[in-house]
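Raw start_0.cif, mmCIF, C-alpha atoms and all ligand atoms:
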data_my_file
loop_
_atom_site.label_atom_id
_atom_site.label_comp_id
_atom_site.auth_asym_id
_atom_site.auth_seq_id
_atom_site.Cartn_x
_atom_site.Cartn_y
_atom_site.Cartn_z
CA MET A 137 60.07 18.04 159.13
CA LYS A 138 61.48 19.57 155.91
CA ARG A 139 65.24 19.21 155.57
CA VAL A 140 67.42 22.02 154.22
CA LEU A 141 71.17 22.09 153.48
CA ILE A 142 72.80 25.53 153.82
CA THR A 143 76.35 25.93 152.51
CA GLY A 144 78.39 28.80 153.92
CA ALA A 145 76.41 28.22 157.12
CA ALA A 146 79.04 29.80 159.38
CA GLY A 147 79.25 32.95 157.29
CA PHE A 148 77.43 36.24 157.65
CA ILE A 149 74.31 35.60 155.55
CA GLY A 150 74.48 31.79 155.87
CA SER A 151 74.26 31.93 159.66
CA HIS A 152 71.25 34.26 159.56
CA LEU A 153 69.59 31.84 157.13
CA CYS A 154 70.25 28.95 159.55
CA ASP A 155 68.50 30.92 162.30
CA ARG A 156 65.52 31.66 160.06
CA PHE A 157 65.01 28.06 158.92
CA ILE A 158 65.36 26.78 162.50
CA LYS A 159 62.72 29.32 163.56
CA GLU A 160 60.43 28.08 160.78
CA GLY A 161 60.73 24.51 162.12
CA TYR A 162 63.05 23.01 159.52
CA TYR A 163 65.80 20.43 160.05
CA VAL A 164 68.92 22.41 159.12
CA ILE A 165 72.19 20.90 157.92
CA GLY A 166 74.92 23.53 157.87
CA MET A 167 78.10 23.09 155.83
CA ASP A 168 81.20 25.28 155.76
CA ASN A 169 84.95 24.86 155.29
CA LEU A 170 85.53 27.83 157.63
CA ILE A 171 88.04 29.67 155.41
CA THR A 172 86.05 32.86 155.87
CA GLY A 173 83.20 31.59 158.08
CA ASN A 174 83.26 31.64 161.87
CA LEU A 175 81.74 28.92 164.08
CA GLN A 176 80.81 31.55 166.66
CA ASN A 177 78.07 32.67 164.27
CA ILE A 178 76.25 29.35 164.72
CA GLU A 179 77.49 28.03 168.06
CA HIS A 180 74.08 28.75 169.63
CA LEU A 181 72.57 26.16 167.24
CA PHE A 182 74.80 23.19 168.08
CA ALA A 183 72.71 22.07 171.05
CA LEU A 184 69.51 21.87 168.98
CA GLU A 185 68.14 18.53 167.83
CA ASN A 186 67.18 19.90 164.43
CA PHE A 187 70.65 21.24 163.55
CA GLU A 188 73.82 19.53 162.45
CA PHE A 189 77.06 20.80 160.98
CA TYR A 190 79.51 19.39 158.45
CA HIS A 191 83.01 20.88 158.20
CA HIS A 192 83.42 20.37 154.46
CA ASP A 193 84.61 22.16 151.30
CA VAL A 194 81.75 22.02 148.77
CA SER A 195 84.24 22.32 145.90
CA LYS A 196 84.92 18.64 146.66
CA PHE A 197 82.28 15.92 146.23
CA VAL A 198 79.40 16.59 148.64
CA HIS A 199 77.73 13.71 150.45
CA VAL A 200 74.74 14.23 152.71
CA PRO A 201 72.89 11.21 154.11
CA GLY A 202 69.09 11.14 154.08
CA GLU A 203 66.53 13.19 152.23
CA LEU A 204 66.81 16.86 151.31
CA ASP A 205 64.00 19.19 150.34
CA TYR A 206 66.00 22.35 149.79
CA ILE A 207 69.62 23.41 149.26
CA LEU A 208 70.83 27.00 149.64
CA HIS A 209 74.31 27.60 148.25
CA PHE A 210 75.86 30.51 150.18
CA ALA A 211 79.46 29.30 150.41
CA SER A 212 81.99 31.73 148.89
CA PRO A 213 84.55 34.31 149.88
CA ALA A 214 82.48 37.45 149.42
CA SER A 215 84.57 40.56 150.00
CA PRO A 216 86.99 42.08 147.49
CA ILE A 217 90.03 41.50 149.73
CA ASP A 218 88.97 37.89 150.38
CA TYR A 219 88.81 37.05 146.72
CA LEU A 220 92.10 38.80 146.08
CA LYS A 221 93.64 36.55 148.76
CA MET A 222 91.79 33.40 147.64
CA PRO A 223 91.20 33.74 143.89
CA ILE A 224 91.31 30.01 143.09
CA GLN A 225 88.99 28.96 145.94
CA THR A 226 86.59 31.73 144.91
CA LEU A 227 86.49 30.43 141.34
CA LYS A 228 86.14 26.83 142.50
CA VAL A 229 83.32 27.30 144.96
CA GLY A 230 81.23 29.23 142.43
CA SER A 231 81.86 26.71 139.64
CA LEU A 232 82.84 23.24 140.95
CA GLY A 233 80.96 23.79 144.21
CA THR A 234 77.80 24.78 142.39
CA HIS A 235 78.16 21.77 140.06
CA ASN A 236 78.44 19.43 143.06
CA LEU A 237 75.34 20.94 144.66
CA LEU A 238 73.37 20.73 141.41
CA GLY A 239 74.27 17.04 141.27
CA LEU A 240 73.23 16.61 144.88
CA ALA A 241 69.95 18.45 144.27
CA LYS A 242 69.25 16.24 141.26
CA SER A 243 69.88 13.01 143.14
CA LYS A 244 67.81 14.11 146.15
CA LYS A 245 65.08 15.75 144.02
CA ALA A 246 65.67 18.89 146.07
CA ARG A 247 65.14 22.51 145.07
CA LEU A 248 68.39 24.53 144.88
CA LEU A 249 68.67 28.26 145.52
CA ILE A 250 71.98 29.85 144.59
CA ALA A 251 73.41 33.08 145.97
CA SER A 252 74.31 35.24 143.02
CA THR A 253 75.29 38.88 143.27
CA SER A 254 75.03 42.41 141.95
CA GLU A 255 78.65 41.81 140.84
CA VAL A 256 77.25 40.02 137.78
CA TYR A 257 76.45 43.56 136.57
CA GLY A 258 80.12 44.59 137.01
CA ASP A 259 80.70 48.34 136.77
CA PRO A 260 77.20 48.92 135.42
CA LEU A 261 76.39 51.13 132.47
CA GLU A 262 72.66 50.94 133.28
CA HIS A 263 71.31 52.52 136.43
CA PRO A 264 69.52 51.27 138.49
CA GLN A 265 70.22 47.65 137.60
CA ARG A 266 67.33 45.52 136.36
CA GLU A 267 67.56 41.74 136.03
CA GLU A 268 67.44 42.09 132.22
CA TYR A 269 70.77 43.98 132.19
CA TRP A 270 73.68 41.76 131.06
CA GLY A 271 76.39 43.67 132.88
CA ASN A 272 79.81 45.16 132.26
CA VAL A 273 82.39 42.83 133.78
CA ASN A 274 86.17 42.73 133.30
CA PRO A 275 86.89 38.97 133.24
CA ILE A 276 90.62 39.33 133.96
CA GLY A 277 90.52 42.10 136.59
CA PRO A 278 90.90 41.45 140.33
CA ARG A 279 87.13 41.07 140.76
CA GLY A 280 86.86 38.77 137.73
CA VAL A 281 87.40 35.65 139.86
CA TYR A 282 84.23 36.38 141.81
CA ASP A 283 82.14 37.98 139.09
CA GLU A 284 82.81 35.31 136.49
CA ALA A 285 82.39 32.45 138.98
CA LYS A 286 78.97 33.86 139.86
CA ARG A 287 78.06 34.35 136.18
CA PHE A 288 79.10 30.76 135.46
CA GLN A 289 77.06 29.69 138.49
CA GLU A 290 73.96 31.29 137.01
CA ALA A 291 74.65 29.70 133.61
CA ILE A 292 75.10 26.17 134.95
CA THR A 293 72.08 26.54 137.24
CA MET A 294 69.89 27.56 134.29
CA ALA A 295 71.34 24.66 132.26
CA TYR A 296 70.31 22.15 134.96
CA HIS A 297 66.91 23.78 135.13
CA ASN A 298 66.40 23.66 131.37
CA TYR A 299 68.06 20.33 130.60
CA HIS A 300 67.19 18.27 133.69
CA GLY A 301 64.06 20.10 134.82
CA LEU A 302 65.67 20.79 138.20
CA GLU A 303 63.87 23.25 140.46
CA THR A 304 66.23 26.19 140.85
CA ARG A 305 66.11 29.73 142.24
CA ILE A 306 68.63 32.54 141.66
CA VAL A 307 68.94 35.53 143.99
CA ARG A 308 71.16 38.47 143.00
CA ILE A 309 72.21 39.96 146.31
CA PHE A 310 73.21 43.63 146.55
CA ASN A 311 75.33 45.06 149.38
CA THR A 312 74.01 43.68 152.66
CA TYR A 313 75.04 44.48 156.22
CA GLY A 314 74.28 43.58 159.81
CA PRO A 315 75.57 41.71 162.84
CA ARG A 316 78.11 38.89 162.20
CA MET A 317 79.94 40.62 159.37
CA ARG A 318 83.62 39.86 159.88
CA VAL A 319 85.47 42.79 161.43
CA ASN A 320 88.45 42.40 159.09
CA ASP A 321 86.76 41.35 155.88
CA GLY A 322 87.78 44.64 154.25
CA ARG A 323 84.27 45.66 153.27
CA VAL A 324 83.29 49.21 153.78
CA LEU A 325 80.94 48.84 156.74
CA PRO A 326 83.15 46.70 159.02
CA ALA A 327 86.11 48.90 158.06
CA PHE A 328 84.32 52.16 158.91
CA PHE A 329 82.76 50.88 162.14
CA SER A 330 86.00 49.44 163.49
CA GLN A 331 87.96 52.57 162.52
CA ALA A 332 85.36 54.87 164.09
CA ILE A 333 85.16 52.84 167.30
CA ARG A 334 88.98 52.82 167.62
CA GLY A 335 89.21 56.53 166.87
CA GLU A 336 91.20 56.03 163.67
CA GLY A 337 90.89 57.42 160.14
CA LEU A 338 87.98 56.09 158.12
CA THR A 339 89.58 54.90 154.87
CA VAL A 340 87.49 56.42 152.08
CA PHE A 341 88.68 55.02 148.74
CA GLY A 342 89.00 57.50 145.88
CA GLU A 343 87.01 60.64 146.54
CA GLY A 344 84.16 58.65 148.03
CA GLN A 345 81.80 59.62 145.21
CA GLN A 346 81.07 56.01 144.22
CA THR A 347 77.63 54.87 145.38
CA ARG A 348 76.22 51.74 147.01
CA SER A 349 72.79 50.78 148.36
CA PHE A 350 72.84 48.91 151.66
CA CYS A 351 70.25 46.33 152.73
CA TYR A 352 69.79 45.16 156.32
CA VAL A 353 70.34 41.41 156.65
CA ASP A 354 66.89 40.59 158.11
CA ASP A 355 65.22 42.12 155.06
CA LEU A 356 67.44 40.11 152.74
CA VAL A 357 66.72 36.85 154.59
CA GLU A 358 62.98 37.48 154.32
CA GLY A 359 63.32 37.95 150.55
CA ILE A 360 65.41 34.79 150.16
CA PHE A 361 62.86 32.78 152.15
CA ARG A 362 60.04 34.02 149.94
CA LEU A 363 61.98 33.38 146.74
CA LEU A 364 62.81 29.81 147.76
CA LEU A 365 59.13 29.03 148.33
CA SER A 366 57.97 30.85 145.18
CA ASP A 367 57.61 29.17 141.79
CA TYR A 368 59.88 31.67 139.98
CA HIS A 369 63.14 30.36 138.47
CA LEU A 370 64.63 33.47 136.80
CA PRO A 371 67.06 35.76 138.70
CA VAL A 372 65.60 38.15 141.27
CA ASN A 373 67.43 41.21 142.62
CA LEU A 374 67.26 41.64 146.40
CA GLY A 375 68.61 44.78 147.98
CA ASN A 376 67.64 48.14 149.37
CA PRO A 377 67.28 50.83 146.67
CA SER A 378 68.27 53.63 149.05
CA GLU A 379 71.54 54.76 147.43
CA ILE A 380 74.31 56.88 148.99
CA THR A 381 77.87 57.85 148.24
CA ILE A 382 80.63 56.21 150.27
CA MET A 383 81.51 59.67 151.62
CA GLN A 384 77.96 60.12 152.97
CA PHE A 385 78.15 56.63 154.42
CA ALA A 386 81.39 57.49 156.25
CA GLN A 387 79.73 60.60 157.65
CA GLU A 388 76.70 58.67 158.88
CA ILE A 389 78.94 56.22 160.72
CA LEU A 390 81.06 59.04 162.17
CA ALA A 391 77.90 60.73 163.48
CA LEU A 392 76.53 57.49 164.97
CA VAL A 393 79.73 56.40 166.73
CA ASN A 394 80.53 59.97 167.76
CA ASN A 395 84.18 59.36 168.63
CA PRO A 396 85.99 62.74 168.53
CA LYS A 397 89.25 61.09 167.46
CA ALA A 398 87.73 59.49 164.35
CA HIS A 399 88.10 61.31 161.05
CA ILE A 400 88.19 60.73 157.31
CA ILE A 401 91.33 59.80 155.35
CA TYR A 402 91.67 59.01 151.66
CA GLU A 403 93.15 55.94 149.99
CA PRO A 404 93.41 55.02 146.30
CA LEU A 405 90.34 53.64 144.58
CA PRO A 406 90.76 49.87 143.93
CA ILE A 407 90.88 48.66 140.30
CA ASP A 408 87.44 48.11 138.67
CA ASP A 409 85.58 49.45 141.72
CA PRO A 410 81.98 49.91 140.46
CA LYS A 411 81.10 53.63 140.32
CA GLN A 412 77.44 53.19 141.13
CA ARG A 413 75.09 50.46 142.29
CA ARG A 414 71.39 50.42 143.07
CA PRO A 415 68.96 47.54 142.61
CA ASP A 416 65.75 47.85 140.66
CA ILE A 417 63.51 45.68 142.85
CA THR A 418 60.33 45.85 140.75
CA ARG A 419 60.50 42.11 140.10
CA ALA A 420 60.85 41.20 143.80
CA LYS A 421 57.94 43.50 144.65
CA GLU A 422 55.69 41.91 142.05
CA ILE A 423 56.62 38.26 142.48
CA LEU A 424 57.46 38.05 146.16
CA GLN A 425 55.47 41.03 147.50
CA TRP A 426 58.77 41.94 149.11
CA GLU A 427 60.48 45.20 149.88
CA PRO A 428 62.95 46.25 152.59
CA ARG A 429 61.47 47.41 155.90
CA VAL A 430 64.53 48.40 157.95
CA ASP A 431 65.87 51.80 156.98
CA ARG A 432 69.57 52.62 157.18
CA ALA A 433 69.34 54.64 160.41
CA GLU A 434 67.73 51.70 162.22
CA GLY A 435 69.91 49.05 160.57
CA LEU A 436 73.12 50.92 161.37
CA LYS A 437 72.04 51.33 165.00
CA ARG A 438 71.49 47.57 165.36
CA THR A 439 74.77 46.81 163.60
CA TYR A 440 76.67 49.25 165.80
CA GLU A 441 75.51 47.33 168.89
CA TYR A 442 77.20 44.24 167.41
CA PHE A 443 80.44 45.98 166.43
CA LYS A 444 80.75 47.57 169.87
CA GLN A 445 81.03 44.05 171.28
CA VAL A 446 83.42 42.56 168.74
CA VAL A 447 85.84 45.36 167.87
CA SER A 448 88.86 45.21 170.15
CA LEU A 449 90.22 48.59 171.10
N1 LIG B 1 85.46 51.28 150.43
C1 LIG B 1 86.05 52.37 151.04
N2 LIG B 1 86.83 52.14 152.15
C2 LIG B 1 87.05 50.90 152.68
C3 LIG B 1 86.44 49.80 152.05
C4 LIG B 1 85.66 50.02 150.92
O1 LIG B 1 85.89 53.51 150.62
O2 LIG B 1 87.77 50.80 153.67
C5 LIG B 1 84.61 51.52 149.25
C6 LIG B 1 84.96 50.66 148.04
O3 LIG B 1 85.93 51.29 147.23
C7 LIG B 1 83.63 50.53 147.34
C8 LIG B 1 82.61 50.61 148.48
O4 LIG B 1 83.28 51.17 149.59
O5 LIG B 1 83.42 51.61 146.47
C9 LIG B 1 82.03 49.26 148.89
O6 LIG B 1 83.11 48.39 149.05
P1 LIG B 1 82.94 46.93 149.63
O7 LIG B 1 84.30 46.31 149.66
O8 LIG B 1 82.19 46.97 150.90
O9 LIG B 1 82.01 46.13 148.60
P2 LIG B 1 81.72 46.21 147.03
O10 LIG B 1 80.38 46.82 146.95
O11 LIG B 1 82.76 47.07 146.34
O12 LIG B 1 81.79 44.80 146.59
#
Represent the structure of the file as structure tokens.
Ligand code: UDP
Amino acid sequence: MKRVLITGAAGFIGSHLCDRFIKEGYYVIGMDNLITGNLQNIEHLFALENFEFYHHDVSKFVHVPGELDYILHFASPASPIDYLKMPIQTLKVGSLGTHNLLGLAKSKKARLLIASTSEVYGDPLEHPQREEYWGNVNPIGPRGVYDEAKRFQEAITMAYHNYHGLETRIVRIFNTYGPRMRVNDGRVLPAFFSQAIRGEGLTVFGEGQQTRSFCYVDDLVEGIFRLLLSDYHLPVNLGNPSEITIMQFAQEILALVNNPKAHIIYEPLPIDDPKQRRPDITRAKEILQWEPRVDRAEGLKRTYEYFKQVVSL
């Protein structure tokens, strides 16, 4: 049985990865310090013989007994309000945490896949974003703690690959959504769903003309699984190229939830909020034969079922 360590296992994407690797017959070791993760996301796995969990902060030395074939590093605060609240932890998990996992991968002769992000492109001056684009990041702005940690993470991962010959994979994840997103993580989809369900104002920042492209989590997990097993070590964008404005997104959620009390209100645009974002997924199509399958109408329907259960009125 292949053994895989998943950091950030109790988080949104990490928990879906745990499910996928369990389904594929792997022995899964989940790790999380639970500062933004939630054990409820993986509680259904605790009874399984091929799952174990370590409550640990990967920014500190990481010890895992036994062999490891793969490591997936998905631990990090991941929403703008989380990294505003936890700037130092965000910097540490992307830098020190990644260094610890590179060391672990080297000693176990394991392959390491790191979760990078479309944030490495910052507020992009190229559209859509290809992997060759170097980005437009403000290092000292409020998002700098996340963006620069992830850029450092890519740099140190490539250094271990080039200098030590370590097997590494880098996925640049664009906006992703689905069940198990935290209701209060401040990101646009949990905010809009909870506001619509409660019959409150949907807080559109700025004039809502900024764009994003939203990928359903099952599609993302499929792409990550393929990338891990591929022989490609350069960064690969994964995301859904279907791009919309935040205003359109608010209207889609209003129409789906159909609560007559819900409406749109405006709040100031946060500092350094990227004006547009859409992945160029040519590389993923060619190398992984991957593209998203779940369109937004279907993905939002499935996600709404989840939020109906978890949003308290
Ligand atoms: N946004 C919004 N209202 C909210 C939360 C976010 O209008 O209540 C906007 C935000 O300004 C950004 C977009 O939605 O332009 C996506 O924000 P999110 O925090 O989900 O992630 P980002 O893609 O900015 O990292």
query: Which of these, A:Asn298, A:Gln412, A:Asn169, A:Gln176, has the shortest distance to ligand LIG 1 (chain B) once you count all atoms listed in the file?
result: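 Closest residue, counting all atoms listed in the file: A:Gln412.
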Using all atoms listed in the file, find each residue of chain A with at least one atom at most 7 Å away from an atom of ligand LIG 1 (chain B); report its shortest atom-to-atom pair and that distance in Å (one decimal), sort the rows by chain and rising residue number, and return the result as JSON lines.
{"residue": "A:Ser215", "atom": "CA", "partner": "B:LIG1", "partner_atom": "O7", "distance": 5.8}
{"residue": "A:Pro216", "atom": "CA", "partner": "B:LIG1", "partner_atom": "O7", "distance": 5.5}
{"residue": "A:Asn311", "atom": "CA", "partner": "B:LIG1", "partner_atom": "O10", "distance": 5.9}
{"residue": "A:Gly322", "atom": "CA", "partner": "B:LIG1", "partner_atom": "C3", "distance": 5.8}
{"residue": "A:Arg323", "atom": "CA", "partner": "B:LIG1", "partner_atom": "O8", "distance": 3.4}
{"residue": "A:Val324", "atom": "CA", "partner": "B:LIG1", "partner_atom": "C3", "distance": 3.6}
{"residue": "A:Leu325", "atom": "CA", "partner": "B:LIG1", "partner_atom": "O8", "distance": 6.3}
{"residue": "A:Ala327", "atom": "CA", "partner": "B:LIG1", "partner_atom": "O2", "distance": 5.1}
{"residue": "A:Phe328", "atom": "CA", "partner": "B:LIG1", "partner_atom": "O2", "distance": 6.4}
{"residue": "A:Leu338", "atom": "CA", "partner": "B:LIG1", "partner_atom": "O2", "distance": 6.9}
{"residue": "A:Thr339", "atom": "CA", "partner": "B:LIG1", "partner_atom": "O2", "distance": 4.6}
{"residue": "A:Val340", "atom": "CA", "partner": "B:LIG1", "partner_atom": "O1", "distance": 3.6}
{"residue": "A:Phe341", "atom": "CA", "partner": "B:LIG1", "partner_atom": "O1", "distance": 3.7}
{"residue": "A:Gly342", "atom": "CA", "partner": "B:LIG1", "partner_atom": "O1", "distance": 6.9}
{"residue": "A:Gly344", "atom": "CA", "partner": "B:LIG1", "partner_atom": "O1", "distance": 6.0}
{"residue": "A:Gln346", "atom": "CA", "partner": "B:LIG1", "partner_atom": "O5", "distance": 5.5}
{"residue": "A:Thr347", "atom": "CA", "partner": "B:LIG1", "partner_atom": "O5", "distance": 6.7}
{"residue": "A:Arg348", "atom": "CA", "partner": "B:LIG1", "partner_atom": "O10", "distance": 6.4}
{"residue": "A:Ile382", "atom": "CA", "partner": "B:LIG1", "partner_atom": "O4", "distance": 5.7}
{"residue": "A:Leu405", "atom": "CA", "partner": "B:LIG1", "partner_atom": "O3", "distance": 5.7}
{"residue": "A:Pro406", "atom": "CA", "partner": "B:LIG1", "partner_atom": "O3", "distance": 6.0}
{"residue": "A:Asp409", "atom": "CA", "partner": "B:LIG1", "partner_atom": "O5", "distance": 5.6}
{"residue": "A:Pro410", "atom": "CA", "partner": "B:LIG1", "partner_atom": "O5", "distance": 6.4}
{"residue": "A:Lys411", "atom": "CA", "partner": "B:LIG1", "partner_atom": "O5", "distance": 6.9}
Could you check the closest approach to His180 (chain A) for each of A:Lys196, A:Lys245, A:His152, A:Arg413 and tell me which residue wins, using all atoms listed in the file?
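The shortest atom-to-atom distance to His180 (chain A) comes from A:His152.
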Rounded to one decimal in Å, what is the spacing between CA of Leu237 (chain A) and CA of Phe310 (chain A)?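 So the two atoms, CA of Leu237 (chain A) and CA of Phe310 (chain A), lie 22.9 Å apart.
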Radius query 10 Å about (89.2, 36.6, 151.7), atoms used: all atoms listed in the file, as an MDAnalysis selection string
chainID A and resid 171:172 212:223 225:226 320:322
Closest of A:Arg362, A:Arg156, A:His209, A:Arg414 to Trp426 (chain A), counting all atoms listed in the file, is A:Arg362
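CA of Gly258 (chain A) is positioned 22.6 Å from CA of Gly359 (chain A).
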Item to complete: Would you kindly identify which residues have an atom no farther than 12 Å from (63.6, 24.9, 156.5), using all atoms listed in the file and the file's own coordinates, and write them out as a PyMOL selection string?
Response: chain A and resi 137-142+153-166+186-187+204-208+247+360-362+364-365
- Neighbours of Tyr352 (chain A) within 9 Å (only C-alpha atoms; same-chain residues fewer than 4 positions away dropped), as a list in words?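 The neighbour list is Asn311, Thr312, Tyr313, Gly314, Leu356, Gly375, Asn376, Pro428, Arg429, Val430, Asp431, Arg432, Gly435, Leu436 and Thr439 of chain A.
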Rank nothing, just name the residue among A:Arg308, A:His369, A:Lys244, A:Arg438 nearest to Lys286 (chain A), using only C-alpha atoms.
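Using only C-alpha atoms, the shortest distance to Lys286 (chain A) belongs to A:Arg308.
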- Query: CA of Val372 (chain A) and CA of Glu284 (chain A) are how many Å apart?
  - Reply: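 Taking CA of Val372 (chain A) as the start and CA of Glu284 (chain A) as the end point, the length is 18.1 Å.
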Residue with the minimum atom-to-atom distance to Trp270 (chain A), picked from A:Asn236, A:Thr418, A:Thr293, A:Ser254 with only C-alpha atoms counted, is A:Ser254
Using all atoms listed in the file, the best pick from A:Tyr299, A:Tyr257, A:Phe350, A:Phe189 as closest to Ser378 (chain A) would be A:Phe350
* Which polymer residues have any atom within 8 Å of an atom of region 389-394 of chain A, counting only C-alpha atoms, with same-chain residues fewer than 4 positions away left out, as a PyMOL selection string? -> chain A and resi 328-329+332-333+385+398-399+436-437+440
Output file for the residues above (C-alpha atoms, as a CSV table (one decimal), keeping the file's coordinate frame):
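Written output follows (again_23.csv):
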chain,number,residue,atom,x,y,z
A,328,PHE,CA,84.3,52.2,158.9
A,329,PHE,CA,82.8,50.9,162.1
A,332,ALA,CA,85.4,54.9,164.1
A,333,ILE,CA,85.2,52.8,167.3
A,385,PHE,CA,78.2,56.6,154.4
A,398,ALA,CA,87.7,59.5,164.4
A,399,HIS,CA,88.1,61.3,161.0
A,436,LEU,CA,73.1,50.9,161.4
A,437,LYS,CA,72.0,51.3,165.0
A,440,TYR,CA,76.7,49.2,165.8
